[in-house]
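A.B. asks: File run.txt follows (compact mmCIF, C-alpha atoms and all ligand atoms):
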# COMPACT_ATOMS: atom_id res chain seq x y z
CA MET P 16 -200.01 -48.68 17.77
CA ALA P 17 -201.59 -45.70 19.48
CA LYS P 18 -199.55 -42.52 19.87
CA ILE P 19 -197.48 -42.01 23.02
CA ASP P 20 -199.99 -39.48 24.41
CA THR P 21 -202.71 -42.11 24.33
CA LEU P 22 -200.41 -44.77 25.77
CA CYS P 23 -199.54 -42.49 28.70
CA VAL P 24 -203.23 -42.37 29.59
CA HIS P 25 -204.24 -45.95 28.77
CA ALA P 26 -201.35 -48.44 28.52
CA GLY P 27 -200.94 -51.10 31.19
CA TYR P 28 -204.47 -51.12 32.55
CA SER P 29 -207.75 -51.58 30.69
CA PRO P 30 -210.69 -52.31 32.99
CA LYS P 31 -213.47 -54.60 31.91
CA LYS P 32 -217.18 -54.00 32.47
CA GLY P 33 -217.93 -52.82 35.98
CA GLU P 34 -214.26 -52.69 37.05
CA PRO P 35 -212.67 -49.53 38.52
CA ARG P 36 -211.74 -46.90 35.90
CA GLN P 37 -208.62 -45.90 37.86
CA LEU P 38 -205.96 -48.53 38.56
CA PRO P 39 -206.85 -50.28 41.85
CA ILE P 40 -204.24 -50.53 44.59
CA ILE P 41 -203.98 -54.22 45.41
CA GLN P 42 -202.62 -53.76 48.91
CA SER P 43 -202.06 -57.45 49.58
CA THR P 44 -198.82 -59.28 50.27
CA THR P 45 -200.17 -62.62 49.15
CA PHE P 46 -202.72 -64.36 46.93
CA LYS P 47 -205.01 -67.34 47.48
CA TYR P 48 -204.94 -70.70 45.66
CA GLU P 49 -207.39 -73.62 45.70
CA THR P 50 -205.03 -76.57 45.54
CA SER P 51 -201.49 -77.42 46.56
CA ASP P 52 -200.73 -78.37 42.96
CA GLN P 53 -201.75 -74.94 41.64
CA MET P 54 -199.34 -73.31 44.04
CA GLY P 55 -196.57 -75.79 43.19
CA ARG P 56 -196.82 -75.03 39.48
CA LEU P 57 -196.24 -71.33 40.17
CA PHE P 58 -192.96 -72.09 41.93
CA ASP P 59 -191.84 -74.24 39.00
CA LEU P 60 -192.48 -71.24 36.73
CA GLU P 61 -194.84 -73.53 34.82
CA GLU P 62 -197.74 -71.15 35.30
CA THR P 63 -197.88 -67.40 35.65
CA GLY P 64 -199.78 -66.00 38.58
CA TYR P 65 -199.42 -63.98 41.71
CA PHE P 66 -198.25 -65.53 44.92
CA TYR P 67 -196.20 -62.98 46.83
CA THR P 68 -195.89 -59.21 46.33
CA ARG P 69 -192.09 -59.29 46.69
CA LEU P 70 -192.04 -60.96 43.25
CA GLN P 71 -195.17 -59.70 41.57
CA ASN P 72 -198.28 -57.67 42.34
CA PRO P 73 -201.12 -56.70 39.96
CA THR P 74 -200.86 -52.93 40.63
CA VAL P 75 -197.09 -52.91 40.27
CA ASP P 76 -197.24 -55.09 37.16
CA ALA P 77 -199.79 -52.84 35.44
CA VAL P 78 -197.51 -49.83 35.84
CA ALA P 79 -194.44 -51.84 34.79
CA ALA P 80 -196.37 -52.94 31.68
CA GLN P 81 -197.25 -49.32 30.96
CA ILE P 82 -193.63 -48.16 31.15
CA CYS P 83 -192.68 -51.19 29.03
CA THR P 84 -195.18 -50.18 26.34
CA LEU P 85 -194.01 -46.55 26.40
CA GLU P 86 -190.39 -47.66 25.91
CA GLY P 87 -191.30 -50.29 23.31
CA GLY P 88 -189.92 -53.26 25.27
CA VAL P 89 -191.01 -56.85 25.90
CA GLY P 90 -191.03 -56.76 29.70
CA ALA P 91 -190.36 -54.48 32.65
CA ILE P 92 -190.12 -54.48 36.41
CA LEU P 93 -190.56 -51.71 38.94
CA THR P 94 -187.97 -51.41 41.68
CA SER P 95 -187.91 -49.61 45.01
CA SER P 96 -185.60 -46.87 43.64
CA GLY P 97 -183.59 -45.85 40.61
CA GLN P 98 -180.48 -47.12 42.40
CA ALA P 99 -182.08 -50.57 42.69
CA ALA P 100 -183.00 -50.47 38.98
CA ASN P 101 -179.40 -49.86 37.93
CA LEU P 102 -178.11 -52.42 40.43
CA PHE P 103 -180.51 -55.03 39.01
CA ALA P 104 -179.62 -54.23 35.40
CA CYS P 105 -175.95 -54.88 36.23
CA LEU P 106 -176.22 -57.85 38.61
CA ASN P 107 -178.59 -59.69 36.29
CA ILE P 108 -175.65 -60.43 33.96
CA ALA P 109 -172.47 -59.44 35.84
CA GLY P 110 -170.90 -61.09 38.89
CA ALA P 111 -167.58 -61.39 40.70
CA GLY P 112 -164.72 -61.43 38.19
CA ASP P 113 -166.68 -59.51 35.56
CA HIS P 114 -166.21 -56.03 34.19
CA ILE P 115 -168.42 -53.12 33.09
CA VAL P 116 -167.67 -50.12 30.89
CA ALA P 117 -169.58 -46.95 31.81
CA ALA P 118 -169.69 -43.33 30.70
CA ASN P 119 -168.01 -41.15 33.36
CA ASN P 120 -170.65 -38.40 33.33
CA ILE P 121 -173.38 -40.55 34.92
CA TYR P 122 -175.35 -39.60 38.02
CA GLY P 123 -173.16 -39.50 41.16
CA GLY P 124 -175.23 -42.17 42.91
CA THR P 125 -174.76 -44.56 40.01
CA PHE P 126 -171.06 -43.63 39.79
CA ASN P 127 -170.66 -44.75 43.43
CA LEU P 128 -172.85 -47.81 42.97
CA LEU P 129 -170.69 -49.00 40.08
CA GLY P 130 -167.30 -47.74 41.20
CA VAL P 131 -167.50 -48.48 44.95
CA THR P 132 -170.21 -51.00 45.78
CA LEU P 133 -169.94 -53.21 42.70
CA ALA P 134 -166.15 -53.17 43.19
CA LYS P 135 -166.80 -54.76 46.61
CA PHE P 136 -168.85 -57.42 44.83
CA GLY P 137 -165.80 -58.16 42.67
CA ILE P 138 -167.10 -56.36 39.57
CA GLU P 139 -164.63 -53.92 38.04
CA VAL P 140 -165.80 -50.81 36.19
CA SER P 141 -163.91 -48.66 33.68
CA PHE P 142 -165.26 -45.14 33.34
CA ILE P 143 -164.63 -43.36 30.07
CA LYS P 144 -165.70 -40.03 28.64
CA ALA P 145 -169.17 -40.05 27.09
CA ASP P 146 -167.71 -38.18 24.09
CA ALA P 147 -164.77 -40.62 23.76
CA PRO P 148 -164.16 -41.85 20.19
CA ASP P 149 -165.14 -45.43 19.31
CA SER P 150 -161.50 -46.52 19.57
CA GLU P 151 -161.40 -45.46 23.24
CA ILE P 152 -164.64 -47.29 24.09
CA GLN P 153 -163.27 -50.32 22.24
CA ALA P 154 -159.96 -50.16 24.12
CA ALA P 155 -161.82 -50.23 27.47
CA ILE P 156 -163.61 -53.49 26.63
CA ARG P 157 -162.04 -56.68 28.06
CA PRO P 158 -162.79 -60.38 27.55
CA ASN P 159 -164.74 -60.35 30.87
CA THR P 160 -166.80 -57.22 30.07
CA LYS P 161 -170.52 -57.93 30.41
CA LEU P 162 -172.28 -54.67 29.63
CA ILE P 163 -171.88 -51.03 28.68
CA PHE P 164 -173.69 -48.31 30.62
CA GLY P 165 -174.63 -44.68 29.95
CA GLU P 166 -177.35 -42.04 30.44
CA THR P 167 -179.44 -40.49 27.64
CA LEU P 168 -179.12 -37.12 29.37
CA SER P 169 -176.50 -37.10 32.10
CA ASN P 170 -177.26 -35.87 35.61
CA PRO P 171 -176.21 -33.13 36.41
CA GLY P 172 -174.25 -32.15 33.28
CA VAL P 173 -177.19 -32.67 30.83
CA GLU P 174 -174.89 -34.08 28.14
CA VAL P 175 -176.59 -36.09 25.40
CA LEU P 176 -175.16 -39.58 24.81
CA ASP P 177 -174.67 -40.70 21.20
CA ILE P 178 -176.69 -43.85 21.91
CA ALA P 179 -176.48 -45.34 18.39
CA ARG P 180 -172.69 -44.97 18.36
CA TRP P 181 -172.26 -46.58 21.79
CA ALA P 182 -174.71 -49.36 20.81
CA ALA P 183 -172.71 -50.11 17.65
CA VAL P 184 -169.49 -50.55 19.64
CA ALA P 185 -171.28 -52.64 22.27
CA HIS P 186 -172.88 -54.93 19.70
CA LYS P 187 -169.65 -55.36 17.74
CA ASN P 188 -168.28 -56.85 20.96
CA GLY P 189 -171.33 -58.97 21.77
CA LEU P 190 -172.36 -56.75 24.68
CA PRO P 191 -175.69 -55.20 25.66
CA LEU P 192 -176.00 -51.43 26.06
CA VAL P 193 -177.84 -50.37 29.22
CA ILE P 194 -179.24 -46.83 29.09
CA ASP P 195 -180.55 -44.87 32.07
CA ASN P 196 -183.33 -42.85 30.44
CA THR P 197 -184.44 -40.99 33.58
CA PHE P 198 -184.26 -37.35 32.42
CA ALA P 199 -185.54 -37.92 28.87
CA THR P 200 -188.41 -40.30 29.75
CA PRO P 201 -189.92 -42.29 26.87
CA VAL P 202 -191.86 -39.17 25.87
CA LEU P 203 -188.67 -37.43 24.70
CA CYS P 204 -186.45 -40.39 23.75
CA ARG P 205 -186.90 -44.14 23.36
CA PRO P 206 -183.37 -45.58 23.52
CA PHE P 207 -184.45 -48.98 22.09
CA GLU P 208 -185.10 -47.22 18.77
CA TRP P 209 -181.39 -46.28 18.75
CA GLY P 210 -180.01 -49.71 19.63
CA ALA P 211 -180.03 -49.78 23.44
CA ASP P 212 -180.87 -53.24 24.83
CA ILE P 213 -181.93 -52.48 28.40
CA VAL P 214 -183.40 -49.22 29.71
CA THR P 215 -183.49 -48.16 33.35
CA HIS P 216 -185.29 -45.33 35.10
CA SER P 217 -185.34 -43.48 38.34
CA THR P 218 -189.12 -43.04 38.26
CA THR P 219 -188.62 -40.74 41.25
CA LYS P 220 -188.00 -37.96 38.74
CA TYR P 221 -190.30 -36.98 35.84
CA ILE P 222 -192.33 -40.18 35.66
CA ASP P 223 -193.64 -39.51 39.16
CA GLY P 224 -193.18 -35.81 38.50
CA HIS P 225 -194.69 -34.54 41.74
CA GLY P 226 -192.04 -35.53 44.26
CA THR P 227 -194.16 -38.16 46.01
CA SER P 228 -192.44 -41.54 45.56
CA VAL P 229 -188.97 -42.96 45.20
CA GLY P 230 -188.93 -45.72 42.59
CA GLY P 231 -187.25 -47.24 39.56
CA ALA P 232 -187.82 -49.42 36.52
CA VAL P 233 -185.86 -51.83 34.34
CA VAL P 234 -187.15 -52.44 30.81
CA ASP P 235 -185.97 -55.21 28.47
CA SER P 236 -186.06 -54.56 24.70
CA GLY P 237 -185.98 -58.30 24.03
CA ASN P 238 -183.51 -57.57 21.23
CA PHE P 239 -180.21 -58.76 22.66
CA PRO P 240 -179.17 -62.18 21.23
CA TRP P 241 -177.99 -63.78 24.50
CA GLU P 242 -177.76 -67.25 22.89
CA GLU P 243 -175.29 -65.99 20.29
CA TYR P 244 -172.91 -65.11 23.12
CA ALA P 245 -173.93 -67.98 25.38
CA ASP P 246 -170.48 -68.33 26.99
CA LYS P 247 -170.58 -64.76 28.19
CA PHE P 248 -174.04 -64.95 29.78
CA PRO P 249 -174.27 -68.38 31.44
CA GLY P 250 -176.88 -67.16 33.93
CA LEU P 251 -179.32 -66.74 31.04
CA THR P 252 -178.21 -69.53 28.72
CA THR P 253 -177.47 -72.50 31.03
CA PRO P 254 -179.78 -74.42 33.40
CA ASP P 255 -180.74 -72.69 36.66
CA ALA P 256 -180.55 -75.18 39.53
CA SER P 257 -182.81 -73.02 41.71
CA TYR P 258 -185.70 -73.61 39.24
CA HIS P 259 -185.25 -77.33 38.46
CA GLY P 260 -182.74 -76.69 35.73
CA LEU P 261 -184.75 -74.46 33.42
CA THR P 262 -182.80 -72.26 30.99
CA TYR P 263 -184.11 -68.68 30.72
CA THR P 264 -183.38 -68.13 27.04
CA LYS P 265 -185.03 -71.46 26.13
CA LYS P 266 -188.07 -71.08 28.36
CA PHE P 267 -188.72 -67.33 28.07
CA GLY P 268 -187.15 -66.39 24.72
CA LYS P 269 -187.06 -62.63 24.24
CA ALA P 270 -188.11 -62.05 27.85
CA ALA P 271 -185.21 -64.08 29.32
CA PHE P 272 -183.40 -61.11 30.86
CA ILE P 273 -186.38 -59.50 32.54
CA THR P 274 -187.80 -62.83 33.77
CA LYS P 275 -184.51 -63.65 35.45
CA ALA P 276 -184.46 -60.20 37.06
CA VAL P 277 -187.75 -61.10 38.79
CA THR P 278 -187.23 -64.76 39.58
CA HIS P 279 -183.64 -64.30 40.80
CA LEU P 280 -182.85 -60.78 41.87
CA MET P 281 -186.28 -59.71 43.07
CA ARG P 282 -186.71 -63.04 44.84
CA ASP P 283 -183.33 -62.73 46.57
CA LEU P 284 -182.78 -58.98 46.99
CA GLY P 285 -186.39 -57.91 47.39
CA SER P 286 -186.12 -54.32 46.16
CA THR P 287 -189.67 -54.18 44.89
CA GLN P 288 -191.92 -51.17 44.64
CA SER P 289 -194.96 -50.95 46.89
CA PRO P 290 -198.43 -51.05 45.25
CA GLN P 291 -199.18 -47.64 46.78
CA ASN P 292 -196.11 -46.06 45.17
CA ALA P 293 -196.90 -47.75 41.85
CA PHE P 294 -200.33 -46.13 42.01
CA TYR P 295 -198.75 -42.67 42.43
CA LEU P 296 -196.47 -43.43 39.48
CA HIS P 297 -199.48 -44.34 37.41
CA LEU P 298 -201.03 -40.96 38.17
CA GLY P 299 -197.81 -39.29 37.07
CA LEU P 300 -197.62 -41.33 33.86
CA GLN P 301 -201.09 -40.23 32.82
CA THR P 302 -199.86 -36.64 32.34
CA LEU P 303 -196.23 -37.30 31.38
CA HIS P 304 -196.88 -36.47 27.70
CA LEU P 305 -198.26 -33.06 28.72
CA ARG P 306 -195.59 -32.25 31.26
CA MET P 307 -192.41 -33.10 29.31
CA PRO P 308 -192.99 -30.64 26.43
CA ARG P 309 -193.82 -27.90 28.96
CA HIS P 310 -190.74 -28.64 31.10
CA SER P 311 -188.67 -28.57 27.91
CA SER P 312 -190.03 -25.35 26.41
CA SER P 313 -189.79 -23.51 29.73
CA ALA P 314 -186.23 -24.76 30.28
CA LEU P 315 -185.24 -23.53 26.82
CA GLN P 316 -186.72 -20.11 27.63
CA VAL P 317 -184.84 -19.99 30.96
CA ALA P 318 -181.61 -21.20 29.28
CA ARG P 319 -181.88 -18.46 26.63
CA TRP P 320 -182.38 -15.84 29.36
CA LEU P 321 -179.38 -17.13 31.33
CA GLU P 322 -177.25 -17.17 28.20
CA ASN P 323 -177.86 -13.42 27.80
CA CYS P 324 -177.48 -12.56 31.47
CA PRO P 325 -174.21 -10.67 32.27
CA ASP P 326 -173.81 -12.40 35.69
CA VAL P 327 -173.80 -15.87 34.13
CA ALA P 328 -170.43 -17.39 33.16
CA TRP P 329 -171.79 -20.36 31.22
CA VAL P 330 -175.00 -22.35 30.59
CA HIS P 331 -175.41 -25.96 29.51
CA TYR P 332 -178.71 -26.96 27.97
CA PRO P 333 -178.65 -29.17 24.88
CA GLY P 334 -181.64 -27.30 23.44
CA LEU P 335 -179.45 -24.17 23.04
CA GLU P 336 -177.88 -23.78 19.59
CA SER P 337 -174.60 -22.86 21.34
CA ASP P 338 -174.49 -26.08 23.40
CA PRO P 339 -171.77 -28.59 22.44
CA HIS P 340 -174.42 -31.35 22.47
CA HIS P 341 -177.00 -29.50 20.38
CA ASN P 342 -176.50 -31.69 17.29
CA LEU P 343 -176.99 -34.84 19.37
CA ALA P 344 -180.09 -33.24 20.90
CA ILE P 345 -181.54 -32.64 17.42
CA LYS P 346 -181.03 -36.33 16.70
CA TYR P 347 -182.09 -37.94 19.98
CA LEU P 348 -184.35 -35.32 21.62
CA PRO P 349 -186.19 -33.60 18.78
CA ASN P 350 -189.22 -32.87 20.96
CA GLY P 351 -187.37 -31.26 23.84
CA CYS P 352 -184.47 -31.74 26.23
CA SER P 353 -186.32 -31.95 29.58
CA GLY P 354 -186.43 -29.28 32.26
CA VAL P 355 -182.94 -29.73 33.66
CA LEU P 356 -180.12 -27.33 32.86
CA CYS P 357 -176.97 -26.20 34.59
CA PHE P 358 -175.04 -22.98 34.73
CA GLY P 359 -172.22 -21.19 36.50
CA LEU P 360 -172.16 -17.63 37.89
CA LYS P 361 -169.25 -15.20 37.66
CA GLY P 362 -169.25 -14.10 41.30
CA GLY P 363 -167.57 -17.03 43.10
CA ARG P 364 -168.70 -19.46 45.82
CA ALA P 365 -169.92 -16.80 48.33
CA PHE P 366 -171.92 -15.08 45.59
CA ASP P 367 -173.43 -18.43 44.56
CA ASN P 368 -174.66 -18.98 48.10
CA ARG P 369 -176.10 -15.46 48.41
CA PHE P 370 -177.91 -16.08 45.11
CA LEU P 371 -179.32 -19.42 46.29
CA ASP P 372 -180.47 -17.92 49.59
CA ALA P 373 -182.26 -15.10 47.74
CA LEU P 374 -184.35 -17.39 45.52
CA LYS P 375 -188.03 -17.29 46.50
CA LEU P 376 -190.11 -19.34 44.06
CA THR P 377 -187.27 -21.79 43.43
CA THR P 378 -186.58 -24.18 46.28
CA ILE P 379 -183.19 -25.55 47.31
CA GLU P 380 -183.48 -29.33 47.36
CA THR P 381 -181.61 -32.46 46.38
CA HIS P 382 -184.52 -33.40 44.16
CA VAL P 383 -184.67 -32.70 40.45
CA ALA P 384 -187.14 -33.18 37.62
CA ASP P 385 -190.48 -32.49 39.23
CA CYS P 386 -193.26 -29.94 38.85
CA HIS P 387 -191.66 -27.48 41.31
CA THR P 388 -188.67 -25.48 40.12
CA CYS P 389 -185.70 -26.47 42.26
CA VAL P 390 -181.99 -25.88 42.46
CA LEU P 391 -178.90 -27.63 43.77
CA HIS P 392 -175.28 -26.53 44.06
CA PRO P 393 -173.36 -29.82 44.16
CA ALA P 394 -170.13 -28.24 45.47
CA SER P 395 -172.00 -26.81 48.49
CA HIS P 396 -174.53 -29.63 48.95
CA THR P 397 -174.37 -33.22 47.63
CA HIS P 398 -170.61 -33.18 46.88
CA ARG P 399 -169.41 -30.82 49.66
CA GLN P 400 -166.83 -33.33 50.93
CA LEU P 401 -164.92 -33.07 47.62
CA SER P 402 -162.16 -30.58 46.78
CA ASP P 403 -162.40 -28.52 43.59
CA GLU P 404 -159.94 -30.92 41.91
CA GLN P 405 -162.00 -33.94 42.99
CA LEU P 406 -165.15 -32.22 41.72
CA ARG P 407 -163.56 -31.62 38.31
CA ALA P 408 -162.41 -35.27 38.19
CA ALA P 409 -166.04 -36.30 38.82
CA GLY P 410 -167.03 -34.12 35.87
CA ILE P 411 -168.66 -31.43 38.03
CA ALA P 412 -167.48 -27.85 37.67
CA PRO P 413 -167.07 -26.32 41.17
CA ASP P 414 -169.38 -23.47 40.17
CA LEU P 415 -172.05 -25.76 38.63
CA ILE P 416 -175.61 -24.93 39.66
CA ARG P 417 -178.16 -27.55 38.64
CA PHE P 418 -181.48 -25.92 37.89
CA SER P 419 -184.62 -27.96 37.36
CA VAL P 420 -187.31 -25.97 35.60
CA GLY P 421 -190.78 -26.83 36.88
CA LEU P 422 -194.26 -26.27 35.54
CA GLU P 423 -194.73 -22.71 36.83
CA ALA P 424 -195.01 -19.85 34.31
CA PRO P 425 -191.53 -19.47 32.77
CA GLU P 426 -191.78 -15.68 33.20
CA ASP P 427 -192.13 -16.17 36.97
CA ILE P 428 -189.15 -18.52 37.08
CA ILE P 429 -187.03 -15.99 35.20
CA ALA P 430 -188.25 -13.16 37.45
CA ASP P 431 -187.14 -15.21 40.47
CA LEU P 432 -183.65 -15.69 38.99
CA GLU P 433 -183.46 -11.99 38.17
CA GLN P 434 -184.40 -10.80 41.65
CA ALA P 435 -182.06 -13.31 43.32
CA LEU P 436 -179.09 -12.19 41.22
CA LYS P 437 -179.88 -8.59 42.04
CA ALA P 438 -180.14 -9.40 45.76
CA ALA P 439 -176.84 -11.34 45.67
CA LYS P 440 -175.08 -8.26 44.26
CA ALA P 441 -176.54 -5.85 46.83
C1 LIG F 501 -181.91 -39.92 40.64
C2 LIG F 501 -181.26 -40.73 39.63
C3 LIG F 501 -180.93 -42.08 39.88
C4 LIG F 501 -181.18 -42.73 41.21
O1 LIG F 501 -182.54 -42.86 41.43
P1 LIG F 501 -183.24 -42.91 42.89
O2 LIG F 501 -184.65 -43.09 42.54
O3 LIG F 501 -182.91 -41.63 43.58
O4 LIG F 501 -182.63 -44.09 43.59
C5 LIG F 501 -180.37 -42.81 38.85
N1 LIG F 501 -180.10 -42.25 37.65
C6 LIG F 501 -180.40 -40.96 37.38
C7 LIG F 501 -180.10 -40.41 36.04
C8 LIG F 501 -180.97 -40.16 38.35
O5 LIG F 501 -181.25 -38.87 38.08
What is this structure when it is put down as structure tokens?

C.D. replies:
Amino acid sequence: MAKIDTLCVHAGYSPKKGEPRQLPIIQSTTFKYETSDQMGRLFDLEETGYFYTRLQNPTVDAVAAQICTLEGGVGAILTSSGQAANLFACLNIAGAGDHIVAANNIYGGTFNLLGVTLAKFGIEVSFIKADAPDSEIQAAIRPNTKLIFGETLSNPGVEVLDIARWAAVAHKNGLPLVIDNTFATPVLCRPFEWGADIVTHSTTKYIDGHGTSVGGAVVDSGNFPWEEYADKFPGLTTPDASYHGLTYTKKFGKAAFITKAVTHLMRDLGSTQSPQNAFYLHLGLQTLHLRMPRHSSSALQVARWLENCPDVAWVHYPGLESDPHHNLAIKYLPNGCSGVLCFGLKGGRAFDNRFLDALKLTTIETHVADCHTCVLHPASHTHRQLSDEQLRAAGIAPDLIRFSVGLEAPEDIIADLEQALKAAKA
């Protein structure tokens, strides 16, 4: 297979003679058929083909196929957001009365999705420390547990998950491991190679990379043996009445999980990505292999500078030798740890805010992981309703500043930090 750099440019779409070189935007909700029978066969899942963009669209599918190839999976779908991707990954196999085990350092939006909204659906979630020993992960698993969930690189703490270790515990219990690979992207880490079964993305971040489009993806490795644990996953292994009694694992084999995500969840919940947004994603993907190493090397340079700066209390970046997750980074992220880092300043909350206000090149925004350097102070912004104790319980230090290193010259990013710290002290 071609190298990842080549796949970023070419996978998913290869035009034939006279066809457009760039991926066309098929801005059509629906598709024409010649006979009633042709259309009928599509609805029986007897034939593949396009009929309605809520389920499938050629532009969206090409980009899904590209992300699938980059991750090394058997099938993928694009969703309207990263939130929808994680929702789909869970609801595809878990329902009322079921249970999920998740790492507690995951993105706040996913933490709420699992802990609050899925609870309302009757799905219980146990959150445990990402660094918890195997025995603790094991102890959290119940007879009704359906999946285990974690992030390659957690947002905002940038902790590296020991994917192979979590996968081993999951598989020992007949459970799939779902990994949100948003910050790493398949350029820096391919979780399937370490035993993950399903990968999700917020493509809003590096895959888009330019802050244009909210989106997500779910990728199926095809490796999980659903039939071996048929009792646990009846939605995949028993006849589906809404498609004339077909059984996903029998009809679609390795692609059972991802096919059901389309024919059930996308059909019923409709969180699809628009062809226009998929086109923007495709543009982003074509330079992902160039951007990720640059984000990573610049972030390491910024992290080293912060580590030596007297105003800085602490820095977390797994690329730093001093970081508690450095050994895991060597294993899982040998080519770089992305552009996201976090740090705390010594001066207190008022000083933090003076520092943020004094930044010039760096913009204050809720976004992260794009070409523009940006910063967020969760305690003052996204999590401002929480007390310091509540912040710590959510795994966020009250002084945590999330810093997303963009594609500007690293010297200019450092100069901006330097002048802002100076201004905050004045
Ligand atoms: C942003 C993010 C999400 C949510 O994605 P949206 O596209 O904003 O819905 C999920 N997981 C991680 C790790 C994220 O950073």

A.B. asks: Find the residues of chain P that sit at most 7 Å from ligand LIG 501 (chain F); for each, write down the nearest two atoms and how far apart they are in Å, to one decimal. Count only C-alpha atoms and all ligand atoms. Sort by chain, then by number going up, and give it as a Markdown table.

C.D. replies:
| residue | atom | partner | partner_atom | distance |
| --- | --- | --- | --- | --- |
| P:Ser96 | CA | F:LIG501 | O2 | 4.0 |
| P:Gly97 | CA | F:LIG501 | O1 | 3.3 |
| P:Gln98 | CA | F:LIG501 | O4 | 3.9 |
| P:Ala99 | CA | F:LIG501 | O4 | 6.6 |
| P:Ile121 | CA | F:LIG501 | C7 | 6.8 |
| P:Tyr122 | CA | F:LIG501 | C7 | 5.2 |
| P:Gly124 | CA | F:LIG501 | C4 | 6.2 |
| P:Thr125 | CA | F:LIG501 | C5 | 6.0 |
| P:Glu166 | CA | F:LIG501 | C7 | 6.4 |
| P:Ser169 | CA | F:LIG501 | C7 | 6.3 |
| P:Asn170 | CA | F:LIG501 | C7 | 5.4 |
| P:Asp195 | CA | F:LIG501 | C7 | 6.0 |
| P:Asn196 | CA | F:LIG501 | C7 | 6.9 |
| P:Thr197 | CA | F:LIG501 | C7 | 5.0 |
| P:Phe198 | CA | F:LIG501 | C7 | 6.3 |
| P:His216 | CA | F:LIG501 | N1 | 6.6 |
| P:Ser217 | CA | F:LIG501 | O1 | 4.2 |
| P:Thr218 | CA | F:LIG501 | O2 | 6.2 |
| P:Thr219 | CA | F:LIG501 | O2 | 4.8 |
| P:Lys220 | CA | F:LIG501 | C1 | 6.7 |
| P:Val229 | CA | F:LIG501 | O2 | 5.1 |
| P:Gly230 | CA | F:LIG501 | O2 | 5.0 |
| P:Gly231 | CA | F:LIG501 | O2 | 5.7 |

A.B. asks: Pick from P:Gln405, P:Gln301, P:Asn72, P:Ser236: nearest to Ala26 of chain P, with only C-alpha atoms counted?

C.D. replies: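 Between P:Gln405, P:Gln301, P:Asn72, P:Ser236, the residue approaching Ala26 of chain P most closely is P:Gln301.
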
A.B. asks: Determine the nearest neighbour of Val78 of chain P from the options P:Thr63, P:Ser43, P:Gln400, P:Gln291, counting only C-alpha atoms.

C.D. replies: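 Using only C-alpha atoms, the shortest distance to Val78 of chain P belongs to P:Gln291.
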
A.B. asks: How many Å lie between atom CA of Thr160 of chain P and atom CA of Val140 of chain P, rounded to one decimal?

C.D. replies: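 These two atoms are separated by 8.9 Å.
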
A.B. asks: Considering only C-alpha atoms, return as an MDAnalysis selection string whatever protein or nucleic-acid residues lie within 9 Å of Thr74 of chain P, sequence-local ones (same chain, fewer than 4 positions apart) excluded.

C.D. replies: chainID P and resid 38:42 78:79 289:291 293:294

A.B. asks: Using only C-alpha atoms, which residue out of P:Thr397, P:Tyr28, P:Leu162, P:Gly33 lies closest to Pro73 of chain P?

C.D. replies: P:Tyr28
